[in-house]
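The file run23.tsv contains TSV, C-alpha atoms:
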```tsv
chain	number	residue	atom	x	y	z
A	1	MET	CA	-16.30	24.71	26.98
A	2	ASN	CA	-15.75	21.40	28.72
A	3	LEU	CA	-13.64	19.11	26.51
A	4	THR	CA	-13.94	15.87	28.50
A	5	ASN	CA	-16.53	14.29	26.19
A	6	TYR	CA	-14.38	14.97	23.12
A	7	VAL	CA	-11.34	13.39	24.76
A	8	GLU	CA	-13.31	10.35	25.94
A	9	ASN	CA	-14.87	9.79	22.52
A	10	GLY	CA	-11.85	10.68	20.40
A	11	TYR	CA	-9.88	8.25	18.27
A	12	THR	CA	-6.53	6.91	19.31
A	13	TYR	CA	-3.79	7.61	16.78
A	14	THR	CA	-4.00	4.05	15.44
A	15	ASP	CA	-7.80	4.19	15.16
A	16	TYR	CA	-7.58	7.59	13.46
A	17	LEU	CA	-5.27	6.12	10.79
A	18	ARG	CA	-7.71	3.26	10.25
A	19	LYS	CA	-10.53	5.79	9.92
A	20	ILE	CA	-8.61	7.68	7.21
A	21	GLU	CA	-7.97	4.41	5.36
A	22	ASP	CA	-11.68	3.54	5.62
A	23	GLN	CA	-12.67	6.99	4.34
A	24	LEU	CA	-10.32	6.60	1.37
A	25	PHE	CA	-11.70	3.13	0.63
A	26	ASP	CA	-15.27	4.47	0.76
A	27	LEU	CA	-14.42	7.36	-1.56
A	28	GLU	CA	-12.74	5.05	-4.07
A	29	LYS	CA	-15.70	2.69	-3.99
A	30	LEU	CA	-18.36	5.39	-4.37
A	31	ASP	CA	-16.79	7.94	-6.67
A	32	LYS	CA	-13.53	7.25	-8.51
A	33	GLU	CA	-13.51	10.88	-9.74
A	34	ASN	CA	-13.70	12.48	-6.28
A	35	GLU	CA	-10.80	14.94	-5.94
A	36	MET	CA	-10.53	14.14	-2.21
A	37	ILE	CA	-9.12	10.69	-3.06
A	38	GLU	CA	-5.82	12.29	-4.04
A	39	TYR	CA	-5.58	14.20	-0.73
A	40	TYR	CA	-6.37	11.17	1.45
A	41	SER	CA	-3.98	8.94	-0.50
A	42	LEU	CA	-1.11	11.43	-0.47
A	43	ASN	CA	-1.59	12.18	3.22
A	44	LEU	CA	-1.58	8.50	4.16
A	45	LYS	CA	1.78	8.22	2.37
A	46	ARG	CA	3.11	11.27	4.24
A	47	ILE	CA	1.92	9.86	7.55
A	48	ASP	CA	3.45	6.46	6.81
A	49	ARG	CA	6.78	8.06	5.89
A	50	LEU	CA	6.84	10.13	9.08
A	51	ASN	CA	5.76	7.17	11.22
A	52	ARG	CA	8.77	5.27	9.87
A	53	THR	CA	11.34	8.06	9.90
A	54	PHE	CA	10.61	10.68	12.56
A	55	THR	CA	12.55	10.31	15.78
A	56	LEU	CA	13.34	12.61	18.66
A	57	SER	CA	16.90	13.60	19.43
A	58	ASP	CA	18.35	12.75	22.84
A	59	GLU	CA	18.14	16.44	23.73
A	60	GLN	CA	14.44	16.55	22.78
A	61	LYS	CA	13.73	13.42	24.83
A	62	GLN	CA	15.50	14.96	27.79
A	63	SER	CA	13.47	18.18	27.55
A	64	LEU	CA	10.25	16.12	27.58
A	65	GLN	CA	11.29	14.43	30.82
A	66	SER	CA	11.17	17.76	32.65
A	67	LEU	CA	7.55	18.48	31.65
A	68	GLN	CA	4.56	18.26	33.95
A	69	THR	CA	2.31	15.95	31.91
A	70	ASN	CA	-0.91	15.94	33.89
A	71	PHE	CA	-2.98	16.64	30.80
A	72	LYS	CA	-4.17	15.00	27.59
A	73	ILE	CA	-3.88	16.30	24.05
A	74	LEU	CA	-7.06	16.60	22.01
A	75	VAL	CA	-6.56	17.04	18.27
A	76	ILE	CA	-9.07	18.37	15.75
A	77	SER	CA	-8.08	16.92	12.39
A	78	GLU	CA	-9.16	15.34	9.09
A	79	GLY	CA	-7.51	12.84	6.77
A	80	TRP	CA	-7.63	15.22	3.80
A	81	CYS	CA	-5.56	17.90	5.58
A	82	GLY	CA	-1.94	18.13	4.40
A	83	ASP	CA	-0.78	20.03	7.48
A	84	ALA	CA	-2.32	17.40	9.75
A	85	ALA	CA	-0.47	14.67	7.82
A	86	GLN	CA	2.82	16.48	8.45
A	87	ILE	CA	2.23	17.50	12.08
A	88	LEU	CA	0.20	14.73	13.71
A	89	PRO	CA	2.83	11.96	13.40
A	90	VAL	CA	5.38	14.26	15.08
A	91	VAL	CA	2.97	15.10	17.90
A	92	ASN	CA	2.16	11.41	18.30
A	93	VAL	CA	5.85	10.64	18.91
A	94	ILE	CA	6.10	13.54	21.37
A	95	ALA	CA	3.00	12.37	23.24
A	96	LYS	CA	4.25	8.77	23.41
A	97	GLU	CA	7.67	9.82	24.69
A	98	ALA	CA	6.15	12.11	27.32
A	99	GLY	CA	3.44	9.62	28.36
A	100	ILE	CA	0.59	11.90	27.30
A	101	GLU	CA	-2.69	10.47	26.07
A	102	LEU	CA	-3.51	11.68	22.55
A	103	LYS	CA	-7.08	11.68	21.25
A	104	ILE	CA	-8.28	12.84	17.83
A	105	VAL	CA	-11.69	14.04	16.69
A	106	LEU	CA	-12.79	14.78	13.15
A	107	ARG	CA	-13.37	18.44	12.41
A	108	ASP	CA	-16.30	17.90	10.06
A	109	GLN	CA	-18.18	15.80	12.63
A	110	ASN	CA	-17.52	18.28	15.46
A	111	LEU	CA	-18.34	21.70	14.04
A	112	GLU	CA	-19.30	23.10	17.45
A	113	LEU	CA	-15.78	22.27	18.66
A	114	ILE	CA	-13.87	23.68	15.69
A	115	ASP	CA	-16.08	26.78	15.79
A	116	ALA	CA	-14.70	27.40	19.29
A	117	TYR	CA	-11.15	27.22	17.83
A	118	LEU	CA	-11.37	29.28	14.65
A	119	THR	CA	-8.18	30.70	13.14
A	120	ASP	CA	-8.76	34.13	11.60
A	121	GLY	CA	-12.43	33.19	11.30
A	122	GLY	CA	-11.72	29.90	9.48
A	123	ARG	CA	-11.97	26.25	10.49
A	124	SER	CA	-8.26	25.61	9.97
A	125	ILE	CA	-6.77	22.36	11.22
A	126	PRO	CA	-5.04	20.63	12.85
A	127	ILE	CA	-5.65	22.15	16.27
A	128	PHE	CA	-3.95	20.63	19.33
A	129	ILE	CA	-5.51	21.36	22.72
A	130	GLY	CA	-4.02	20.52	26.10
A	131	VAL	CA	-6.87	19.35	28.33
A	132	ASN	CA	-6.56	19.11	32.11
A	133	GLU	CA	-8.38	16.65	34.39
A	134	ASN	CA	-11.36	19.04	34.63
A	135	GLY	CA	-11.82	19.08	30.85
A	136	GLU	CA	-10.46	22.62	30.55
A	137	GLU	CA	-8.09	23.93	27.90
A	138	ILE	CA	-4.63	24.67	29.25
A	139	PHE	CA	-2.93	25.39	25.91
A	140	LYS	CA	-3.58	25.44	22.17
A	141	PHE	CA	-1.22	24.83	19.26
A	142	GLY	CA	-1.99	24.98	15.56
A	143	PRO	CA	-2.99	24.95	12.87
A	144	ARG	CA	0.64	25.31	11.73
A	145	PRO	CA	4.05	26.26	13.08
A	146	SER	CA	4.75	30.01	12.95
A	147	TYR	CA	6.91	29.85	9.80
A	148	GLU	CA	4.06	28.14	7.97
A	149	MET	CA	1.65	30.82	9.14
A	150	LYS	CA	3.99	33.44	7.66
A	151	LEU	CA	3.98	31.56	4.34
A	152	LEU	CA	0.18	31.58	4.43
A	153	GLU	CA	0.18	35.33	5.06
A	154	LYS	CA	2.52	35.77	2.07
A	155	PHE	CA	0.21	33.66	-0.10
A	156	ARG	CA	-2.82	35.73	0.90
A	157	ALA	CA	-1.02	39.05	0.36
A	158	ASP	CA	0.90	38.33	-2.85
A	159	GLU	CA	-1.29	37.68	-5.89
A	160	ASN	CA	1.80	36.54	-7.83
A	161	TYR	CA	2.49	33.76	-5.29
A	162	SER	CA	0.43	30.92	-6.72
A	163	LYS	CA	-1.41	28.24	-4.77
A	164	ASP	CA	0.88	25.60	-6.30
A	165	GLU	CA	4.00	27.53	-5.24
A	166	PHE	CA	2.57	27.96	-1.75
A	167	HIS	CA	1.84	24.23	-1.36
A	168	LYS	CA	5.25	23.31	-2.76
A	169	ASP	CA	6.97	25.70	-0.34
A	170	LEU	CA	4.94	24.28	2.57
A	171	GLN	CA	5.95	20.71	1.80
A	172	LEU	CA	9.61	21.63	1.21
A	173	TRP	CA	9.71	23.45	4.54
A	174	TYR	CA	8.22	20.47	6.38
A	175	ALA	CA	10.81	18.18	4.76
A	176	LYS	CA	13.74	20.46	5.64
A	177	ASP	CA	12.56	21.24	9.17
A	178	LYS	CA	12.13	17.53	10.06
A	179	GLY	CA	9.61	18.26	12.84
A	180	ASN	CA	11.89	20.53	14.86
A	181	ALA	CA	9.68	23.64	14.76
A	182	ILE	CA	6.64	21.54	15.64
A	183	PHE	CA	8.52	20.08	18.61
A	184	ASP	CA	9.83	23.46	19.79
A	185	GLU	CA	6.55	25.33	19.47
A	186	LEU	CA	4.38	22.59	20.98
A	187	VAL	CA	6.72	21.93	23.90
A	188	GLU	CA	6.89	25.65	24.62
A	189	LYS	CA	3.08	25.67	24.90
A	190	MET	CA	3.17	22.57	27.10
A	191	LYS	CA	5.56	24.24	29.57
A	192	LYS	CA	3.21	27.10	30.40
```
Show this structure as structure tokens.
Amino acid sequence: MNLTNYVENGYTYTDYLRKIEDQLFDLEKLDKENEMIEYYSLNLKRIDRLNRTFTLSDEQKQSLQSLQTNFKILVISEGWCGDAAQILPVVNVIAKEAGIELKIVLRDQNLELIDAYLTDGGRSIPIFIGVNENGEEIFKFGPRPSYEMKLLEKFRADENYSKDEFHKDLQLWYAKDKGNAIFDELVEKMKK
């Protein structure tokens, strides 16, 4: 699959944030009872917090300097996705520091794309795709860091592990990890 068109037509990070705000505004205007309002609102707060607080260590910056960055990163995301709200701001900082163009497309408007990047048969997001100058995939990361995927496996396997506990554990892990696993796992993919 050639990804050039998706990259060219994707949102910048700033435009993506505006799009999420617009989607929230539209939901609030049309249907005050829509359960998605809570997800969009909470995720905008998470994104804002990470935009203000996440920074790379000197060691992380140094490791980015050694990368070959002749690619772009295409992200499949949505404003309602809690994992995207936790991961995308970190990846944005990484991309900025490394001088990599970051473009974002909405999953629900690009089903043919997400269907090419299914996770265990599902349309899980966010998905981060390294795209070379020919529009070809050179790496893929997502939808979550490996520890988070293990938590998901636990949730699916353990009927006593509730959805609320799972979501609480996810958010606590993100807060404790402070973007380090995201950095490590993404940069490892970028080195290949």
My list of candidates is A:Tyr117, A:Phe141, A:Trp80, A:Phe54. Which is closest to Tyr174 of chain A when distances are computed with only C-alpha atoms? A:Phe54
Which residue is closest to Ser146 of chain A? Choose from A:Glu185, A:Glu78, A:Glu8, A:Asp26 and count only C-alpha atoms. A:Glu185
Between A:Arg46, A:Lys176, A:Lys103, A:Lys192, which residue has the minimum interatomic distance to Gln86 of chain A, considering all atoms listed in the file? A:Arg46
Who sits within 10 Å of Ser66 of chain A, only C-alpha atoms, same chain under 5 positions skipped, as JSON, numbers by chain: {"A": [61, 98, 191]}
Using C-alpha atoms, can you export the residues from the last selection as a PDB file, keeping the file's coordinate frame?
```pdb
ATOM      1  CA  LYS A  61      13.730  13.420  24.830  1.00  0.00           C
ATOM      2  CA  ALA A  98       6.150  12.110  27.320  1.00  0.00           C
ATOM      3  CA  LYS A 191       5.560  24.240  29.570  1.00  0.00           C
TER       4      LYS A 191
END
```
Taking (2.8, 25.0, 15.8) as a centre in this file's frame and 6 Å as the limit, can you find every polymer residue with an atom that close, using all atoms listed in the file, and give them as a list in words? Phe141, Gly142, Arg144, Pro145, Ile182, Glu185 and Leu186 of chain A
Go ahead and compute the interatomic distance for atom CA of Ala116 of chain A and atom CA of Asp83 of chain A, in Å to one decimal. 19.7 Å
What does the distance from atom CA of Ile87 of chain A to atom CA of Asn132 of chain A come to in Å, to one decimal? 21.9 Å
Close residues, Asp115 of chain A itself excluded, 12 Å, all atoms listed in the file, min 6 positions apart in chain, as an NGL selection string: :A and (1 or 76 or 107-109 or 121-125 or 127)
So that I have them on file, write out the residues from the current selection with C-alpha atoms, as an mmCIF file, keeping the file's coordinate frame.
```cif
data_model
loop_
_atom_site.group_PDB
_atom_site.id
_atom_site.type_symbol
_atom_site.label_atom_id
_atom_site.label_comp_id
_atom_site.auth_asym_id
_atom_site.auth_seq_id
_atom_site.Cartn_x
_atom_site.Cartn_y
_atom_site.Cartn_z
ATOM 1 C CA MET A 1 -16.300 24.710 26.980
ATOM 2 C CA ILE A 76 -9.070 18.370 15.750
ATOM 3 C CA ARG A 107 -13.370 18.440 12.410
ATOM 4 C CA ASP A 108 -16.300 17.900 10.060
ATOM 5 C CA GLN A 109 -18.180 15.800 12.630
ATOM 6 C CA GLY A 121 -12.430 33.190 11.300
ATOM 7 C CA GLY A 122 -11.720 29.900 9.480
ATOM 8 C CA ARG A 123 -11.970 26.250 10.490
ATOM 9 C CA SER A 124 -8.260 25.610 9.970
ATOM 10 C CA ILE A 125 -6.770 22.360 11.220
ATOM 11 C CA ILE A 127 -5.650 22.150 16.270
#
```
Rounded to one decimal in Å, what is the spacing between atom CA of Phe25 of chain A and atom CA of Ile37 of chain A?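 Atom CA of Phe25 of chain A sits 8.8 Å away from atom CA of Ile37 of chain A.
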For segment 35-51 of chain A, take all atoms listed in the file, fit an axis-aligned box around them, add 3 Å to each of the six sides, then output centre and edge lengths in Å rounded to one decimal, as AutoDock Vina command-line options.
```
--center_x -2.0 --center_y 10.7 --center_z 2.6 --size_x 23.6 --size_y 14.5 --size_z 23.2
```
Determine the nearest neighbour of Ala181 of chain A from the options A:Asn70, A:Thr53, A:Glu148, A:Lys163, counting all atoms listed in the file.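 Checking each candidate against Ala181 of chain A, we get A:Glu148 as the closest.
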When you count only C-alpha atoms, which of these residues is closest to Gly10 of chain A: A:Ile104, A:Val131, A:Met36, A:Ala84?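 Among A:Ile104, A:Val131, A:Met36, A:Ala84, it is A:Ile104 that comes nearest to Gly10 of chain A.
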Residue among A:Tyr11, A:Phe155, A:Phe183, A:Tyr6 lying closest to Glu59 of chain A, counting only C-alpha atoms: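 Of A:Tyr11, A:Phe155, A:Phe183, A:Tyr6, the one nearest Glu59 of chain A, counting only C-alpha atoms, is A:Phe183.
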Residues near Lys154 of chain A, cut-off 12 Å, all atoms listed in the file, skip fewer than 4 positions along chain, as a ChimeraX atom specification: /A:147-150,158-163,165-166,169-170
The selected residues should be written to file as a PDB file, in the coordinates of the input (atoms: C-alpha atoms).
```
ATOM      1  CA  TYR A 147       6.910  29.850   9.800  1.00  0.00           C
ATOM      2  CA  GLU A 148       4.060  28.140   7.970  1.00  0.00           C
ATOM      3  CA  MET A 149       1.650  30.820   9.140  1.00  0.00           C
ATOM      4  CA  LYS A 150       3.990  33.440   7.660  1.00  0.00           C
ATOM      5  CA  ASP A 158       0.900  38.330  -2.850  1.00  0.00           C
ATOM      6  CA  GLU A 159      -1.290  37.680  -5.890  1.00  0.00           C
ATOM      7  CA  ASN A 160       1.800  36.540  -7.830  1.00  0.00           C
ATOM      8  CA  TYR A 161       2.490  33.760  -5.290  1.00  0.00           C
ATOM      9  CA  SER A 162       0.430  30.920  -6.720  1.00  0.00           C
ATOM     10  CA  LYS A 163      -1.410  28.240  -4.770  1.00  0.00           C
ATOM     11  CA  GLU A 165       4.000  27.530  -5.240  1.00  0.00           C
ATOM     12  CA  PHE A 166       2.570  27.960  -1.750  1.00  0.00           C
ATOM     13  CA  ASP A 169       6.970  25.700  -0.340  1.00  0.00           C
ATOM     14  CA  LEU A 170       4.940  24.280   2.570  1.00  0.00           C
TER      15      LEU A 170
END
```
Residues within 12 Å of Asp22 of chain A, all atoms listed in the file, excluding chain neighbours under 3 positions, as a VMD selection string: chain A and resid 15 to 19 25 to 29 37 40 to 41 44 79
Counting all atoms listed in the file, find residues at most 12 Å from (-9.7, 15.3, 36.6) (file frame) and give them as a list in words.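 Those residues lying close to the given coordinates are Asn2, Leu3, Thr4, Asn70, Phe71, Lys72, Val131, Asn132, Glu133, Asn134, Gly135 and Glu136 of chain A.
Close contacts of Gly99 of chain A, defined as residues with an atom at most 8 Å away when counting all atoms listed in the file, with chain neighbours fewer than 3 positions off set aside, comprise Thr69, Ala95 and Lys96 of chain A.
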